[in-house]
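To start, the structure itself, in structure tokens.
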Amino acid sequence: MASIVRVKVGKHLYLYESISFRNKEGKPRNHRKPVGKVDKKSGEYIYKQEYIDRKKAEGITIAPPKSVPIYSINDLKESSVLQAGSVYLLNGISDNIGLSKILNEVFGNLSEDIFSLASYLLSSGAPVSYCEDWMNKSDYSNDQVLSSQKISKLFNKITESNIEGFYKSWGDYRAEREYLALDITSISSWSKLIDDVEWGYNRDGDKLAQINLSMLLGLKSRLPIRATVYDGSISDVSTLKTSIKQVASRLDNPNQLMIVMDKGFSSKKNIDMLLENDNLKFLLALPFTLNFTKKIIEVAKKNINTFANTIVSGGDIIRGITLERSWSKGKNVFVHAFYNDIKAAITKNNLYGYIKKLVTEAELDPENKKLKNHFERYLIIRKSSKRDSGYTIKVKEDVVESELKNAGWLVTISNDIDNASEAIKVYRDKDVVEKGFMRLKNSLGIKRLRVHSQQAMNSKVFVTFIALILNSHIHKVMLDNDLYKSMTMKDLIQTMEKLKVQIINNDRILYPVSKKQKSIYKFFNVKLPA
């Protein structure tokens, strides 16, 4: 990025276009090019015609600033250039959604460190040990650069009472009349010093001890409300009861709560438990393994493909019907069956293509160790002296047929939502939960908890939760404004990081804000930096 500076040489003032960059060692450097001078008598800027023509071709009209400080060549050499655009954006978002206010109220002097670390996690996705390098290159008001040692001290200063205090204040502040989605995930850890880390079912398939993490999010605001860490060996049934009880106790209006969850929670025992509370609303997807689900699909297949049952959901056109059925203990529920023929066709096409590739690989190397499990799942491979290859290969048609039997189908159950159109909208909105967990474990760097104490583990989960609040709001704004059509979230952050500020003799000179950066600030309702 370039800026105009005045440099005094002898008795004259010259105008230079200063282009700032960092060399291979990461040190700030400037490339200067003379573009004019300052008239001694009038003080007016006299630009070279070639500079005026060049800027005009770029669509920029030359207009000298009202007051420009005078810097020496040595001042320019010792100046620093920091990324400011994303820092300013994240601070603006935090102010808009009330996050800054709650952090300051609960954590006081620690709030700046927590927010700086959370911003780093969101912006970089790298381990916390690299936060110090990132902050040295960023325009943070935080006086303290967070080294690994200081981050460890920060984790030890964040107490459980602080965290609970934040969740209460944040929940009260964000109390909106919207459905709340609840989900549970597992996070692996190598540490033997964390109380909640035990061996249990791991949803990522990792052969490591783990903790369970449940998260509550608003489906309207798409913002996380609270995260709770549980013992890794506790079953989802117990965790679900605990989570619901904790959440309900913190709501002024319990009717505000709707549990929206995926197939992993949809056991008969869980549904029975949910139906015991008449004030609790829920919407769950049912697994195809339940006989109840199988019967619903058989009924739906007979009459679902009609114009009357057509639903437009987002960019999809699907069919959906609602049936009222009796559950256990005489409780009636609404069951919604959906069929997406395009998804069914794509699933079928992809599976056929994959199996075709497996057959080709098996013909080349029937004993391929990397594909052994896949071969065993879909193929029957036998040795044969009658074949030139020495093997016969046959597709397990029954397995393929079984996998495709329910392709394109979704069945949900609710004790409150009585129409298919509303049910599919609410269920699809819960996708924010799964995306939130994915970003939490992958983008934000806690898929493996590299901490060595219970308090440090709770603190890191909490700081990451703050990062996820920012992440979720960015995700919502991008969705609402169709920004994903032109950029990813990473592209957006990188675009904002290109906006720099140059610091010369404690003066802050902001580089010009690009058209794209201006539009991003506008989408997020953040005022342009001055």
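Each chain of the structure tokens is named A, B, ... in the order shown, its residues numbered from 1; ligands are numbered from 1 in display order.
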
* Close residues, Lys383 in chain A itself excluded, 7 Å, only C-alpha atoms, min 4 positions apart in chain, as a list in words -> Gly390, Tyr391 and Thr392 of chain A

* Excluding Asn309 in chain A and any residue of its chain fewer than 4 positions from it, enumerate the residues within 7 Å of it, using only C-alpha atoms, and give them as a list in words. =>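 That gives Ile304, Asn305, Arg319, Gly320 and Ile321 of chain A.
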
* Asked: With only C-alpha atoms as the basis for distance, which of A:Ile342, A:Ile417, A:Phe115, A:Ile46 is at the shortest distance from Lys101 in chain A?
  ->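 Closest residue, counting only C-alpha atoms: A:Phe115.
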
* Asked: Using only C-alpha atoms, which of the listed residues (A:Tyr339, A:Tyr427, A:Phe107, A:Tyr511) sits closest to Leu284 in chain A?
  ->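 Ranking A:Tyr339, A:Tyr427, A:Phe107, A:Tyr511 by distance to Leu284 in chain A, first place goes to A:Tyr427.
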
* Asked: Excluding same-chain residues fewer than 4 positions from Leu217 in chain A, what lies within 7 Å of it counting only C-alpha atoms, as a PyMOL selection string?
  -> chain A and resi 180-182+222-225+433

Can I get the selection written as a PDB file, in the first residue's frame, with N, CA and C atoms?
```pdb
ATOM      1  N   LEU A 180     -33.376 -22.554  20.195  1.00  0.00           N
ATOM      2  CA  LEU A 180     -31.994 -22.796  20.586  1.00  0.00           C
ATOM      3  C   LEU A 180     -31.616 -24.218  20.187  1.00  0.00           C
ATOM      4  N   ALA A 181     -30.481 -24.371  19.550  1.00  0.00           N
ATOM      5  CA  ALA A 181     -30.037 -25.683  19.098  1.00  0.00           C
ATOM      6  C   ALA A 181     -28.945 -26.204  20.028  1.00  0.00           C
ATOM      7  N   LEU A 182     -29.035 -27.467  20.372  1.00  0.00           N
ATOM      8  CA  LEU A 182     -28.077 -28.083  21.282  1.00  0.00           C
ATOM      9  C   LEU A 182     -27.400 -29.262  20.607  1.00  0.00           C
ATOM     10  N   ARG A 222     -27.679 -17.084  15.227  1.00  0.00           N
ATOM     11  CA  ARG A 222     -26.573 -17.995  14.904  1.00  0.00           C
ATOM     12  C   ARG A 222     -25.356 -17.728  15.791  1.00  0.00           C
ATOM     13  N   LEU A 223     -25.590 -17.245  16.993  1.00  0.00           N
ATOM     14  CA  LEU A 223     -24.492 -16.985  17.919  1.00  0.00           C
ATOM     15  C   LEU A 223     -24.477 -18.033  19.023  1.00  0.00           C
ATOM     16  N   PRO A 224     -23.276 -18.528  19.398  1.00  0.00           N
ATOM     17  CA  PRO A 224     -23.181 -19.466  20.521  1.00  0.00           C
ATOM     18  C   PRO A 224     -23.636 -18.793  21.816  1.00  0.00           C
ATOM     19  N   ILE A 225     -24.390 -19.514  22.630  1.00  0.00           N
ATOM     20  CA  ILE A 225     -24.888 -18.976  23.901  1.00  0.00           C
ATOM     21  C   ILE A 225     -24.036 -19.460  25.076  1.00  0.00           C
ATOM     22  N   VAL A 433     -24.956 -25.312  14.086  1.00  0.00           N
ATOM     23  CA  VAL A 433     -24.323 -25.999  15.212  1.00  0.00           C
ATOM     24  C   VAL A 433     -23.165 -26.850  14.714  1.00  0.00           C
TER      25      VAL A 433
END
```

* Could you tell me which of A:Ser243, A:Ser152, A:Thr412, A:Ser328 comes closest to Lys268 in chain A if we count only C-alpha atoms? =>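 Of all the options, A:Ser328 lies closest to Lys268 in chain A.
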
* In range 243-313 of chain A, what's strand (DSSP E or B) per DSSP? Answer as a list in words? -> Met258, Ile259, Val260, Met261, Lys281, Phe282, Leu283, Leu284, Ala285, Thr310, Ile311, Val312 and Ser313 of chain A

Can you write out the residues you just picked, keeping N, CA and C atoms, as an mmCIF file, in the first residue's frame?
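Resulting contents of result11.cif:
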```
data_model
loop_
_atom_site.group_PDB
_atom_site.id
_atom_site.type_symbol
_atom_site.label_atom_id
_atom_site.label_comp_id
_atom_site.auth_asym_id
_atom_site.auth_seq_id
_atom_site.Cartn_x
_atom_site.Cartn_y
_atom_site.Cartn_z
ATOM 1 N N MET A 258 -36.135 -24.716 22.386
ATOM 2 C CA MET A 258 -36.448 -25.866 21.541
ATOM 3 C C MET A 258 -35.156 -26.621 21.284
ATOM 4 N N ILE A 259 -35.151 -27.899 21.585
ATOM 5 C CA ILE A 259 -33.984 -28.734 21.339
ATOM 6 C C ILE A 259 -34.050 -29.228 19.892
ATOM 7 N N VAL A 260 -33.063 -28.862 19.117
ATOM 8 C CA VAL A 260 -32.994 -29.266 17.707
ATOM 9 C C VAL A 260 -31.713 -30.062 17.527
ATOM 10 N N MET A 261 -31.851 -31.356 17.255
ATOM 11 C CA MET A 261 -30.667 -32.220 17.246
ATOM 12 C C MET A 261 -30.703 -33.236 16.121
ATOM 13 N N LYS A 281 -39.923 -28.165 24.019
ATOM 14 C CA LYS A 281 -40.169 -28.412 22.600
ATOM 15 C C LYS A 281 -38.918 -29.036 21.988
ATOM 16 N N PHE A 282 -39.114 -29.911 21.019
ATOM 17 C CA PHE A 282 -37.945 -30.513 20.373
ATOM 18 C C PHE A 282 -38.254 -30.859 18.923
ATOM 19 N N LEU A 283 -37.177 -30.948 18.141
ATOM 20 C CA LEU A 283 -37.225 -31.432 16.764
ATOM 21 C C LEU A 283 -35.965 -32.261 16.556
ATOM 22 N N LEU A 284 -36.140 -33.547 16.281
ATOM 23 C CA LEU A 284 -35.006 -34.460 16.126
ATOM 24 C C LEU A 284 -35.106 -35.183 14.789
ATOM 25 N N ALA A 285 -33.949 -35.446 14.190
ATOM 26 C CA ALA A 285 -33.911 -36.312 13.012
ATOM 27 C C ALA A 285 -33.855 -37.761 13.485
ATOM 28 N N THR A 310 -44.818 -30.181 -2.414
ATOM 29 C CA THR A 310 -43.560 -29.567 -2.819
ATOM 30 C C THR A 310 -43.193 -28.410 -1.888
ATOM 31 N N ILE A 311 -41.932 -28.389 -1.458
ATOM 32 C CA ILE A 311 -41.416 -27.344 -0.563
ATOM 33 C C ILE A 311 -40.157 -26.758 -1.184
ATOM 34 N N VAL A 312 -40.102 -25.438 -1.242
ATOM 35 C CA VAL A 312 -38.875 -24.758 -1.683
ATOM 36 C C VAL A 312 -38.104 -24.367 -0.431
ATOM 37 N N SER A 313 -36.927 -24.954 -0.247
ATOM 38 C CA SER A 313 -36.120 -24.706 0.950
ATOM 39 C C SER A 313 -34.726 -24.271 0.529
#
```

* Find, counting only C-alpha atoms, the residue in A:Asn291, A:Thr488, A:Ser414, A:Ser384 that gets nearest to Leu275 in chain A. =>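 Closest candidate: A:Ser414.
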
* Which neighbours of range 82-88 of chain A fall inside 9 Å, counting only C-alpha atoms, when residues of the same chain fewer than 2 positions from it are skipped, and could you give them as a VMD selection string? -> chain A and resid 28 80 90 to 93 119 123 136 to 140 492 to 503 510 513 517 526 528 to 529

* **Filtered DSSP result for range 344-527 of chain A, state alpha helix (DSSP H), as JSON, numbers by chain** => {"A": [344, 345, 346, 347, 348, 349, 350, 351, 352, 353, 354, 355, 356, 357, 358, 359, 360, 361, 362, 363, 364, 372, 373, 374, 375, 376, 377, 378, 397, 398, 399, 400, 401, 402, 403, 404, 420, 421, 422, 423, 424, 425, 426, 427, 428, 429, 431, 432, 433, 434, 435, 436, 437, 438, 454, 455, 456, 457, 458, 459, 460, 461, 462, 463, 464, 465, 466, 467, 468, 469, 470, 471, 472, 473, 474, 475, 476, 477, 478, 479, 480, 489, 490, 491, 492, 493, 494, 495, 496, 497, 515, 516, 517, 518, 519, 520, 521, 522, 523]}

* Asked: Could you state the separation of CA of Asp398 in chain A and CA of Ile355 in chain A in Å, given to one decimal place?
  ->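 Result for CA of Asp398 in chain A versus CA of Ile355 in chain A: 13.3 Å, one decimal.
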
* Non-local contacts of Ile158 in chain A (10 Å; only C-alpha atoms; under 3 positions in same chain excluded) as a ChimeraX atom specification -> /A:107,110,114,153-155,161-163,455-456,458-460,462-463

Could you please take those selected residues and save N, CA and C atoms as a PDB file, in the first residue's frame?
```pdb
ATOM      1  N   PHE A 107     -14.543  -9.676  33.035  1.00  0.00           N
ATOM      2  CA  PHE A 107     -13.112  -9.985  33.162  1.00  0.00           C
ATOM      3  C   PHE A 107     -12.232  -8.769  33.411  1.00  0.00           C
ATOM      4  N   LEU A 110      -8.461  -8.429  32.137  1.00  0.00           N
ATOM      5  CA  LEU A 110      -8.142  -9.622  31.338  1.00  0.00           C
ATOM      6  C   LEU A 110      -8.876  -9.641  30.001  1.00  0.00           C
ATOM      7  N   ILE A 114      -7.989 -11.726  26.457  1.00  0.00           N
ATOM      8  CA  ILE A 114      -8.895 -12.774  25.978  1.00  0.00           C
ATOM      9  C   ILE A 114      -9.339 -12.473  24.550  1.00  0.00           C
ATOM     10  N   LYS A 153      -0.151 -18.070  31.641  1.00  0.00           N
ATOM     11  CA  LYS A 153      -0.563 -17.329  32.827  1.00  0.00           C
ATOM     12  C   LYS A 153      -2.012 -16.856  32.692  1.00  0.00           C
ATOM     13  N   LEU A 154      -2.379 -16.443  31.468  1.00  0.00           N
ATOM     14  CA  LEU A 154      -3.753 -16.007  31.223  1.00  0.00           C
ATOM     15  C   LEU A 154      -4.728 -17.148  31.487  1.00  0.00           C
ATOM     16  N   PHE A 155      -4.402 -18.344  30.983  1.00  0.00           N
ATOM     17  CA  PHE A 155      -5.276 -19.500  31.191  1.00  0.00           C
ATOM     18  C   PHE A 155      -5.470 -19.783  32.682  1.00  0.00           C
ATOM     19  N   SER A 161     -15.595 -19.426  37.934  1.00  0.00           N
ATOM     20  CA  SER A 161     -16.647 -18.477  38.283  1.00  0.00           C
ATOM     21  C   SER A 161     -16.726 -17.349  37.259  1.00  0.00           C
ATOM     22  N   ASN A 162     -15.562 -16.928  36.722  1.00  0.00           N
ATOM     23  CA  ASN A 162     -15.546 -15.933  35.651  1.00  0.00           C
ATOM     24  C   ASN A 162     -16.295 -16.436  34.429  1.00  0.00           C
ATOM     25  N   ILE A 163     -15.988 -17.680  34.057  1.00  0.00           N
ATOM     26  CA  ILE A 163     -16.602 -18.268  32.863  1.00  0.00           C
ATOM     27  C   ILE A 163     -18.116 -18.367  33.034  1.00  0.00           C
ATOM     28  N   GLN A 455      -7.858 -26.469  34.628  1.00  0.00           N
ATOM     29  CA  GLN A 455      -8.172 -25.057  34.476  1.00  0.00           C
ATOM     30  C   GLN A 455      -7.726 -24.543  33.116  1.00  0.00           C
ATOM     31  N   ALA A 456      -6.525 -24.965  32.674  1.00  0.00           N
ATOM     32  CA  ALA A 456      -6.033 -24.529  31.367  1.00  0.00           C
ATOM     33  C   ALA A 456      -6.934 -25.036  30.254  1.00  0.00           C
ATOM     34  N   ASN A 458     -10.229 -25.752  30.510  1.00  0.00           N
ATOM     35  CA  ASN A 458     -11.462 -24.962  30.547  1.00  0.00           C
ATOM     36  C   ASN A 458     -11.246 -23.572  29.960  1.00  0.00           C
ATOM     37  N   SER A 459     -10.093 -22.981  30.248  1.00  0.00           N
ATOM     38  CA  SER A 459      -9.792 -21.630  29.759  1.00  0.00           C
ATOM     39  C   SER A 459      -9.638 -21.612  28.245  1.00  0.00           C
ATOM     40  N   LYS A 460      -8.960 -22.628  27.715  1.00  0.00           N
ATOM     41  CA  LYS A 460      -8.767 -22.644  26.263  1.00  0.00           C
ATOM     42  C   LYS A 460     -10.093 -22.868  25.547  1.00  0.00           C
ATOM     43  N   PHE A 462     -12.911 -21.909  26.625  1.00  0.00           N
ATOM     44  CA  PHE A 462     -13.655 -20.659  26.744  1.00  0.00           C
ATOM     45  C   PHE A 462     -13.158 -19.609  25.753  1.00  0.00           C
ATOM     46  N   VAL A 463     -11.832 -19.429  25.665  1.00  0.00           N
ATOM     47  CA  VAL A 463     -11.294 -18.441  24.728  1.00  0.00           C
ATOM     48  C   VAL A 463     -11.684 -18.806  23.295  1.00  0.00           C
TER      49      VAL A 463
END
```

* Which one is closest to Arg226 in chain A: A:Leu15, A:Ala300, A:Ile466, A:Ala530? Count only C-alpha atoms. ->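 Between A:Leu15, A:Ala300, A:Ile466, A:Ala530, the residue approaching Arg226 in chain A most closely is A:Ile466.
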
* **All residues 9 Å or closer to Gln49 in chain A, only C-alpha atoms, same chain fewer than 5 positions away omitted, as a list in words** =>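 Everything that qualifies: Val35, Gly36 and Arg54 of chain A.
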
Mind dumping the selected residues with C-alpha atoms as a PDB file, in the first residue's frame?
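The resulting part-v7.pdb:
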```pdb
ATOM      1  CA  VAL A  35       6.095  12.569  -7.013  1.00  0.00           C
ATOM      2  CA  GLY A  36       6.270  16.338  -6.412  1.00  0.00           C
ATOM      3  CA  ARG A  54      -1.215   7.605 -13.261  1.00  0.00           C
TER       4      ARG A  54
END
```

* To do: Compare A:Val477, A:Ile380, A:Val399, A:Leu323 by their minimum atom-to-atom distance to Leu351 in chain A, counting only C-alpha atoms, and give me the closest one.
  =>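 Closest residue, counting only C-alpha atoms: A:Val399.
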